[in-house]
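Shown next: query_19.txt, containing compact mmCIF, C-alpha atoms.
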```txt
# COMPACT_ATOMS: atom_id res chain seq x y z
CA MET A 1 -18.07 -34.72 -5.46
CA LEU A 2 -16.49 -36.72 -8.29
CA GLY A 3 -16.37 -40.51 -8.49
CA SER A 4 -13.33 -42.44 -9.58
CA HIS A 5 -14.16 -41.75 -13.24
CA GLY A 6 -15.03 -38.07 -12.77
CA ALA A 7 -18.80 -38.59 -12.62
CA ILE A 8 -20.90 -37.01 -9.88
CA LEU A 9 -21.83 -39.78 -7.45
CA GLU A 10 -25.52 -40.49 -7.12
CA GLY A 11 -27.29 -38.48 -4.47
CA GLU A 12 -24.41 -36.06 -3.99
CA ALA A 13 -25.49 -33.37 -6.47
CA ALA A 14 -28.49 -32.41 -4.39
CA ALA A 15 -26.42 -32.50 -1.21
CA THR A 16 -23.85 -30.22 -2.77
CA GLU A 17 -26.53 -27.76 -3.85
CA SER A 18 -28.00 -27.67 -0.36
CA PHE A 19 -24.70 -26.35 0.99
CA ILE A 20 -24.43 -23.47 -1.46
CA VAL A 21 -24.63 -20.26 0.55
CA LYS A 22 -25.95 -17.27 -1.33
CA SER A 23 -24.55 -13.90 -0.42
CA THR A 24 -26.86 -11.64 1.55
CA TYR A 25 -24.65 -8.62 0.91
CA GLU A 26 -26.62 -5.66 -0.39
CA PRO A 27 -24.47 -2.77 -1.60
CA GLU A 28 -25.21 0.70 -0.32
CA THR A 29 -26.05 3.51 -2.67
CA VAL A 30 -23.20 5.81 -3.70
CA PRO A 31 -24.67 8.81 -1.83
CA SER A 32 -24.99 6.79 1.40
CA VAL A 33 -21.37 5.60 1.12
CA ILE A 34 -20.16 9.17 0.61
CA SER A 35 -22.27 10.42 3.52
CA ARG A 36 -20.94 7.70 5.82
CA LEU A 37 -17.25 8.05 4.87
CA SER A 38 -16.93 11.83 4.55
CA PRO A 39 -16.61 12.44 8.33
CA SER A 40 -13.56 10.14 8.25
CA VAL A 41 -11.82 12.07 5.46
CA VAL A 42 -9.64 15.12 6.17
CA GLY A 43 -7.77 17.75 4.19
CA ILE A 44 -4.03 18.22 4.81
CA ILE A 45 -2.18 21.44 3.96
CA GLY A 46 1.25 22.85 4.72
CA LYS A 47 4.07 25.09 3.53
CA VAL A 48 6.48 23.87 0.90
CA ALA A 49 10.14 24.16 1.85
CA GLN A 50 11.93 27.16 0.39
CA GLY A 51 14.29 26.31 -2.44
CA THR A 52 17.12 28.74 -1.71
CA PRO A 53 18.50 29.98 1.64
CA GLY A 54 17.48 33.61 2.12
CA GLU A 55 14.61 33.30 -0.33
CA VAL A 56 11.68 35.61 0.51
CA ASP A 57 9.02 33.72 2.42
CA ASP A 58 5.90 33.15 0.33
CA ARG A 59 2.81 32.60 2.48
CA TYR A 60 0.99 31.20 -0.54
CA ASN A 61 3.65 28.58 -1.35
CA LEU A 62 1.44 25.77 -0.08
CA ALA A 63 0.72 22.16 -0.98
CA HIS A 64 -2.20 20.00 0.06
CA GLY A 65 -3.59 16.49 -0.01
CA THR A 66 -6.04 14.21 1.74
CA GLY A 67 -5.99 11.90 4.74
CA VAL A 68 -8.17 9.24 6.35
CA ILE A 69 -8.84 8.96 10.08
CA TRP A 70 -7.23 5.75 11.33
CA LYS A 71 -7.84 6.09 15.08
CA ALA A 72 -10.30 8.22 17.05
CA ASP A 73 -7.51 9.79 19.12
CA GLY A 74 -6.00 11.69 16.21
CA TRP A 75 -4.01 9.32 13.98
CA ILE A 76 -4.42 10.13 10.29
CA VAL A 77 -3.16 7.96 7.42
CA THR A 78 -2.10 9.63 4.17
CA ASN A 79 0.58 9.36 1.48
CA ALA A 80 4.23 9.94 2.30
CA HIS A 81 4.53 12.22 -0.73
CA VAL A 82 1.73 14.42 0.66
CA VAL A 83 3.60 15.29 3.87
CA ASP A 84 7.27 14.90 2.98
CA GLY A 85 8.88 18.32 2.73
CA LEU A 86 5.94 20.17 4.29
CA SER A 87 6.15 22.30 7.43
CA GLY A 88 3.40 23.77 9.54
CA ILE A 89 1.08 20.93 8.56
CA THR A 90 -2.60 21.58 9.31
CA VAL A 91 -5.35 18.94 9.25
CA VAL A 92 -8.92 20.07 8.58
CA THR A 93 -11.79 17.70 9.37
CA SER A 94 -15.05 17.51 7.44
CA ASP A 95 -16.80 19.72 10.02
CA GLY A 96 -14.26 22.52 9.42
CA LYS A 97 -12.15 22.12 12.56
CA SER A 98 -8.40 22.72 12.15
CA TYR A 99 -5.59 20.93 13.99
CA LYS A 100 -1.84 21.42 13.86
CA ALA A 101 0.14 18.23 13.24
CA LYS A 102 2.15 17.21 16.31
CA ALA A 103 4.13 14.38 14.72
CA VAL A 104 4.61 12.83 11.30
CA PHE A 105 5.90 9.34 10.47
CA SER A 106 6.62 8.76 6.79
CA ASP A 107 7.55 5.60 4.88
CA PRO A 108 8.48 6.69 1.34
CA LYS A 109 9.02 3.12 0.11
CA SER A 110 5.32 2.30 0.50
CA ASP A 111 4.17 5.94 0.11
CA ILE A 112 2.26 5.70 3.39
CA ALA A 113 2.53 8.20 6.27
CA LEU A 114 0.88 8.84 9.62
CA VAL A 115 0.04 12.29 10.98
CA LYS A 116 -0.79 12.78 14.67
CA ILE A 117 -3.10 15.57 15.82
CA ASN A 118 -4.42 16.38 19.29
CA ALA A 119 -8.04 15.37 18.85
CA LYS A 120 -10.52 13.01 20.45
CA SER A 121 -13.67 11.26 19.35
CA LEU A 122 -12.86 11.38 15.66
CA LYS A 123 -14.65 8.92 13.40
CA PRO A 124 -12.24 6.28 12.07
CA ALA A 125 -12.88 4.85 8.64
CA VAL A 126 -13.58 1.13 8.27
CA PHE A 127 -10.75 -0.51 6.33
CA ALA A 128 -11.29 -3.76 4.48
CA VAL A 129 -9.28 -6.70 5.80
CA THR A 130 -7.92 -7.20 2.30
CA ALA A 131 -8.42 -5.64 -1.11
CA GLN A 132 -8.05 -9.07 -2.70
CA GLU A 133 -11.80 -9.59 -2.30
CA ALA A 134 -12.42 -6.67 -4.67
CA VAL A 135 -13.74 -7.56 -8.12
CA VAL A 136 -12.69 -5.94 -11.36
CA GLY A 137 -15.65 -3.85 -12.54
CA GLU A 138 -17.16 -3.21 -9.11
CA THR A 139 -18.13 0.36 -8.28
CA VAL A 140 -15.79 2.36 -6.05
CA VAL A 141 -15.76 5.92 -4.74
CA ALA A 142 -12.79 8.26 -4.20
CA ILE A 143 -13.13 11.08 -1.68
CA GLY A 144 -10.53 13.82 -1.45
CA THR A 145 -9.33 17.37 -1.92
CA PRO A 146 -8.75 17.83 -5.66
CA ILE A 147 -6.96 20.86 -7.12
CA SER A 148 -8.03 23.42 -4.47
CA PHE A 149 -8.18 23.12 -0.67
CA SER A 150 -11.62 24.70 -0.86
CA LEU A 151 -12.85 21.54 -2.64
CA ARG A 152 -12.39 19.27 0.38
CA ASN A 153 -14.48 16.10 0.54
CA SER A 154 -15.17 16.01 -3.18
CA ALA A 155 -16.28 12.60 -4.46
CA SER A 156 -15.78 10.81 -7.75
CA VAL A 157 -17.11 7.44 -8.85
CA GLY A 158 -15.64 4.73 -11.04
CA VAL A 159 -14.78 1.05 -11.03
CA VAL A 160 -11.91 -1.21 -10.05
CA SER A 161 -9.99 -1.52 -13.31
CA GLY A 162 -7.44 -4.09 -12.17
CA LEU A 163 -5.81 -5.74 -9.17
CA ASN A 164 -2.24 -6.64 -8.27
CA ARG A 165 -0.75 -4.05 -10.58
CA SER A 166 3.00 -3.54 -10.46
CA VAL A 167 3.57 0.10 -11.42
CA ASP A 168 6.81 1.80 -10.46
CA GLY A 169 6.48 0.90 -6.80
CA SER A 170 7.55 -1.54 -4.11
CA TYR A 171 4.16 -3.21 -3.66
CA ARG A 172 1.19 -4.19 -5.80
CA LEU A 173 -1.54 -1.61 -6.39
CA ILE A 174 -5.23 -1.38 -7.25
CA GLN A 175 -5.97 0.22 -10.62
CA THR A 176 -9.10 2.36 -10.92
CA ASP A 177 -10.69 4.68 -13.47
CA THR A 178 -12.10 6.82 -10.67
CA ALA A 179 -10.98 10.42 -11.15
CA ILE A 180 -7.91 11.02 -8.96
CA ASN A 181 -6.66 14.57 -9.36
CA PRO A 182 -3.81 16.44 -7.63
CA GLY A 183 -4.84 16.75 -3.98
CA ASN A 184 -6.73 13.44 -3.95
CA SER A 185 -3.53 11.70 -2.87
CA GLY A 186 -3.88 10.12 0.56
CA GLY A 187 -7.66 9.85 0.32
CA PRO A 188 -9.73 6.66 0.41
CA LEU A 189 -10.90 4.37 -2.36
CA VAL A 190 -14.15 2.97 -0.97
CA ASN A 191 -16.33 0.04 -2.03
CA LEU A 192 -20.10 -0.01 -1.76
CA LYS A 193 -19.90 -1.79 1.58
CA GLY A 194 -18.45 1.47 2.89
CA GLU A 195 -15.02 -0.12 3.40
CA VAL A 196 -11.76 1.58 2.45
CA ILE A 197 -10.04 -0.86 0.10
CA GLY A 198 -7.12 1.43 -0.70
CA ILE A 199 -5.36 4.77 -0.24
CA ASN A 200 -5.18 6.74 -3.47
CA SER A 201 -1.56 7.30 -4.38
CA LYS A 202 -0.80 8.12 -8.00
CA LYS A 203 -2.12 8.44 -11.54
CA PHE A 204 -0.77 8.50 -15.06
CA ALA A 205 -1.19 11.96 -16.53
CA ALA A 206 -0.26 12.57 -20.16
CA VAL A 207 -1.86 13.47 -23.47
CA GLY A 208 -3.90 10.49 -24.61
CA ILE A 209 -4.04 8.85 -21.16
CA GLU A 210 -7.31 9.00 -19.25
CA ASN A 211 -8.60 7.67 -15.95
CA MET A 212 -5.62 5.59 -14.82
CA GLY A 213 -5.28 5.95 -11.08
CA PHE A 214 -3.67 3.65 -8.55
CA SER A 215 -4.35 2.96 -4.88
CA ILE A 216 -2.33 1.24 -2.16
CA PRO A 217 -4.32 -1.85 -1.02
CA ALA A 218 -5.73 -1.95 2.50
CA GLU A 219 -3.54 -4.86 3.58
CA THR A 220 -0.36 -2.96 2.65
CA VAL A 221 -1.67 0.14 4.44
CA ARG A 222 -2.32 -1.91 7.57
CA TYR A 223 1.14 -3.56 7.42
CA VAL A 224 2.90 -0.18 7.24
CA VAL A 225 0.68 1.61 9.77
CA ASP A 226 1.05 -1.18 12.33
CA HIS A 227 4.84 -0.84 12.09
CA LEU A 228 4.76 2.96 12.28
CA LEU A 229 2.54 2.92 15.37
CA LYS A 230 4.65 0.26 17.08
CA TYR A 231 8.18 1.26 16.11
CA GLY A 232 7.98 4.70 14.49
CA GLU A 233 9.44 3.08 11.37
CA VAL A 234 8.80 0.09 9.13
CA ARG A 235 11.07 -2.74 10.22
CA ARG A 236 11.02 -4.27 6.79
CA ALA A 237 12.60 -7.67 6.21
CA THR A 238 14.92 -8.04 3.23
CA LEU A 239 16.88 -10.86 1.61
CA GLY A 240 19.95 -8.65 1.55
CA LEU A 241 20.36 -9.20 -2.19
CA GLU A 242 20.33 -7.03 -5.27
CA LEU A 243 18.31 -8.91 -7.87
CA GLU A 244 17.77 -8.54 -11.59
CA GLU A 245 14.37 -9.44 -13.02
CA SER A 246 13.98 -11.24 -16.32
CA TRP A 247 13.25 -9.20 -19.44
CA SER A 248 9.74 -10.63 -19.68
CA ALA A 249 8.96 -9.68 -16.06
CA ILE A 250 10.21 -6.13 -16.64
CA VAL A 251 7.98 -5.56 -19.68
CA GLY A 252 4.96 -7.26 -18.06
CA LEU A 253 4.79 -10.44 -20.14
CA PRO A 254 3.59 -13.67 -18.51
CA SER A 255 6.74 -15.28 -17.21
CA ASP A 256 8.03 -18.01 -14.95
CA ASP A 257 11.64 -16.86 -15.26
CA PRO A 258 13.60 -16.55 -12.00
CA LEU A 259 15.62 -13.60 -10.71
CA THR A 260 19.41 -13.33 -10.87
CA VAL A 261 21.59 -12.18 -7.97
CA THR A 262 23.67 -9.20 -9.11
CA LYS A 263 25.04 -8.20 -5.70
CA VAL A 264 25.18 -9.67 -2.19
CA LEU A 265 24.45 -6.85 0.26
CA SER A 266 24.02 -8.32 3.75
CA ALA A 267 26.36 -10.24 6.01
CA GLU A 268 23.60 -12.83 6.48
CA ALA A 269 23.38 -13.47 2.73
CA LYS A 270 27.16 -13.80 2.46
CA LYS A 271 27.19 -16.21 5.40
CA ALA A 272 24.54 -18.29 3.60
CA GLY A 273 26.97 -18.69 0.71
CA ILE A 274 24.91 -16.77 -1.84
CA ALA A 275 27.01 -15.32 -4.65
CA GLU A 276 26.59 -13.13 -7.71
CA GLY A 277 25.15 -15.11 -10.60
CA ASP A 278 23.03 -17.38 -8.39
CA VAL A 279 19.40 -17.63 -9.47
CA LEU A 280 16.38 -17.27 -7.15
CA TYR A 281 13.21 -19.27 -7.78
CA GLY A 282 11.21 -19.20 -4.56
CA ILE A 283 10.85 -18.30 -0.88
CA ASN A 284 9.53 -20.91 1.57
CA GLY A 285 7.97 -22.95 -1.22
CA LYS A 286 6.36 -19.99 -3.03
CA ARG A 287 7.60 -18.95 -6.46
CA VAL A 288 8.69 -15.35 -7.01
CA TYR A 289 9.12 -13.71 -10.41
CA SER A 290 9.80 -10.05 -9.57
CA VAL A 291 11.12 -7.76 -6.85
CA VAL A 292 7.51 -6.77 -6.10
CA ASP A 293 6.67 -10.47 -5.57
CA ILE A 294 9.49 -10.66 -3.03
CA ASN A 295 8.38 -7.49 -1.21
CA GLU A 296 4.82 -8.80 -0.99
CA ARG A 297 6.02 -12.17 0.29
CA LEU A 298 8.26 -10.60 2.94
CA LYS A 299 5.43 -8.53 4.46
CA SER A 300 4.65 -11.69 6.45
CA TYR A 301 8.14 -11.81 7.99
CA THR A 302 10.29 -9.71 10.28
CA PRO A 303 14.06 -9.17 10.32
CA GLY A 304 15.85 -12.03 12.05
CA GLN A 305 13.48 -14.75 10.87
CA GLN A 306 14.79 -17.64 8.78
CA VAL A 307 13.49 -18.40 5.29
CA ARG A 308 14.29 -21.17 2.84
CA LEU A 309 15.29 -20.07 -0.64
CA LEU A 310 15.07 -22.29 -3.72
CA MET A 311 18.06 -21.31 -5.84
CA GLN A 312 20.20 -22.46 -8.72
CA ARG A 313 23.97 -22.40 -8.27
CA ASP A 314 26.47 -23.63 -10.85
CA GLY A 315 23.68 -25.48 -12.61
CA ASP A 316 22.45 -27.26 -9.45
CA ILE A 317 19.12 -26.62 -7.70
CA VAL A 318 19.78 -26.01 -4.00
CA ASN A 319 17.88 -25.04 -0.87
CA VAL A 320 19.50 -22.20 1.06
CA SER A 321 18.61 -21.20 4.62
CA LEU A 322 18.83 -17.42 5.03
CA LYS A 323 18.38 -15.15 8.03
CA LEU A 324 16.45 -12.06 6.94
CA SER A 325 18.08 -8.70 7.56
CA GLN A 326 16.43 -5.29 8.01
CA ASP A 327 15.98 -2.95 5.08
CA GLY A 328 18.02 0.19 5.66
CA ALA A 329 15.29 2.45 4.17
CA SER A 330 13.54 3.29 7.45
CA ALA A 331 10.74 5.77 7.98
CA VAL A 332 11.22 9.50 8.39
CA SER A 333 10.01 10.75 11.77
CA THR A 334 9.24 14.43 12.20
CA ASP A 335 8.24 16.53 15.17
CA ASP A 336 6.19 19.02 13.16
CA GLU A 337 6.17 21.60 15.96
CA GLY A 338 9.92 22.00 15.52
CA GLY A 339 9.95 21.23 11.83
CA GLU A 340 13.04 19.05 12.13
CA SER A 341 13.60 15.40 11.36
CA ALA A 342 14.37 13.15 14.27
```
Turn the structure described in the file into structure tokens.
Amino acid sequence: MLGSHGAILEGEAAATESFIVKSTYEPETVPSVISRLSPSVVGIIGKVAQGTPGEVDDRYNLAHGTGVIWKADGWIVTNAHVVDGLSGITVVTSDGKSYKAKAVFSDPKSDIALVKINAKSLKPAVFAVTAQEAVVGETVVAIGTPISFSLRNSASVGVVSGLNRSVDGSYRLIQTDTAINPGNSGGPLVNLKGEVIGINSKKFAAVGIENMGFSIPAETVRYVVDHLLKYGEVRRATLGLELEESWSAIVGLPSDDPLTVTKVLSAEAKKAGIAEGDVLYGINGKRVYSVVDINERLKSYTPGQQVRLLMQRDGDIVNVSLKLSQDGASAVSTDDEGGESA
């Protein structure tokens, strides 16, 4: 503790030291993490939709990816881009058993999907409560199905390269240098506690670019999956506004510039008196600087709830009460047995 002049008060230094709790966490070895997580990782394969009506069916026109067992009774989490457009989806577990998908729920905005199979006593993976406890530089493992479906449950090792990355998506991502190749999408990024901290989603692939993969953090996965299981869609809250980010926010420079309203989309926003040209600084006392900031903030809310916006209008700073509306980009629900969208 500090005294009135910033000095440590006598007798308090020792007391402070006595309350320091040292971590007893001992990381597992990489092989033990892989051994423990592999039974919770599955391969996903299906037929790609034909491009032209009447086109000759090609039995080898297949695409595949990876999934992670979410619940023991057959719920599998993967990427939306893995399953969207596929028919006849088959899930193969680490012990070689095959299951036909009975239902698929896809949320393209987050790139998370759920696949349901008729199975019991599967081994669910342990997901971290939050990826925000990850540390840049810590060792992580990716498990998946790279390149060929015969390479299921392949593992690669790297580190967390960065957190809270905003890369062409609706939510913040984990950056990693762990090798993530085509087919690894939908697989887990695992720390050395054996916890899934993210679902591998995308990578930059170009000449001169190496080892830049991105994973959807565990807390975003849980937010989306909870909605899909409960509603069959993500009932995502939105401000009902089209917003323009500042130039510095777009290029990734440090910035405290606000966002500008370019269009009022919802009846609720119009009723609140928000107009084009108004400037948005914060939501419920928290500053926002980008659309991703807003999406992250609104994960804690549901449509119909009220929020307080700090805005600038005609040069005046004002507080605006707004009822959140529901984002129109709902999930895609598919009965895979029929191959038709609901």
(Q) List the spatial neighbours of Val141 in chain A as a VMD selection string - criterion: any atom at most 6 Å away, all atoms listed in the file, same-chain residues fewer than 2 positions off excluded. (A) chain A and resid 156 to 157 189 to 190
Q. Skipping near chain neighbours, those fewer than 5 positions away, what residues fall within 12 Å of range 268-284 of chain A using only C-alpha atoms, listed as a ChimeraX atom specification?
A. /A:238-246,256-263,289-291,293-298,300-301,303-326
**Q.** Test item: which residues lie within 12 Å of (-2.5, 17.6, -2.1) counting only C-alpha atoms, as an NGL selection string
**A.** :A and (42-48 or 62-67 or 78-84 or 86 or 89 or 91 or 144-152 or 180-187 or 200-202)
Q | Nearest to Lys193 in chain A by atom-to-atom distance, counting all atoms listed in the file, from A:Thr93, A:Ser98, A:Gln175, A:Thr139 | A | A:Thr139
Q | Atomic distance CA of Asp111 in chain A - CA of Pro31 in chain A, expressed in Å with one decimal | A |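 Rounded to one decimal, the two atoms are 29.0 Å apart.
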Q: Identify which of the residues A:Lys299, A:Lys109, A:Arg36, A:Lys116 lies closest to Glu219 in chain A, counting only C-alpha atoms when measuring atom-to-atom distances.
A: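 That would be A:Lys299, the residue with the smallest distance to Glu219 in chain A.
Separating CA of Ile69 in chain A from CA of Asn118 in chain A is a distance of 12.6 Å.
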Q) Which residues come within 12 Å of Glu195 in chain A, counting all atoms listed in the file, excluding same-chain residues fewer than 4 positions away, as a list in words? A)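 Here the qualifying residues turn out to be Pro27, Glu28, Val33, Ile34, Arg36, Leu37, Ser40, Val68, Pro124, Ala125, Val126, Phe127, Ala128, Val129, Thr130, Ala131, Glu133, Ala134, Val140, Val141, Ala142, Pro188, Leu189, Val190, Asn191, Ile199, Pro217 and Ala218 of chain A.
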Q: Tell me which of A:Thr220, A:Ala179, A:Thr302, A:Ser266 sits closest to Ala237 in chain A, counting all atoms listed in the file.
A: A:Thr302
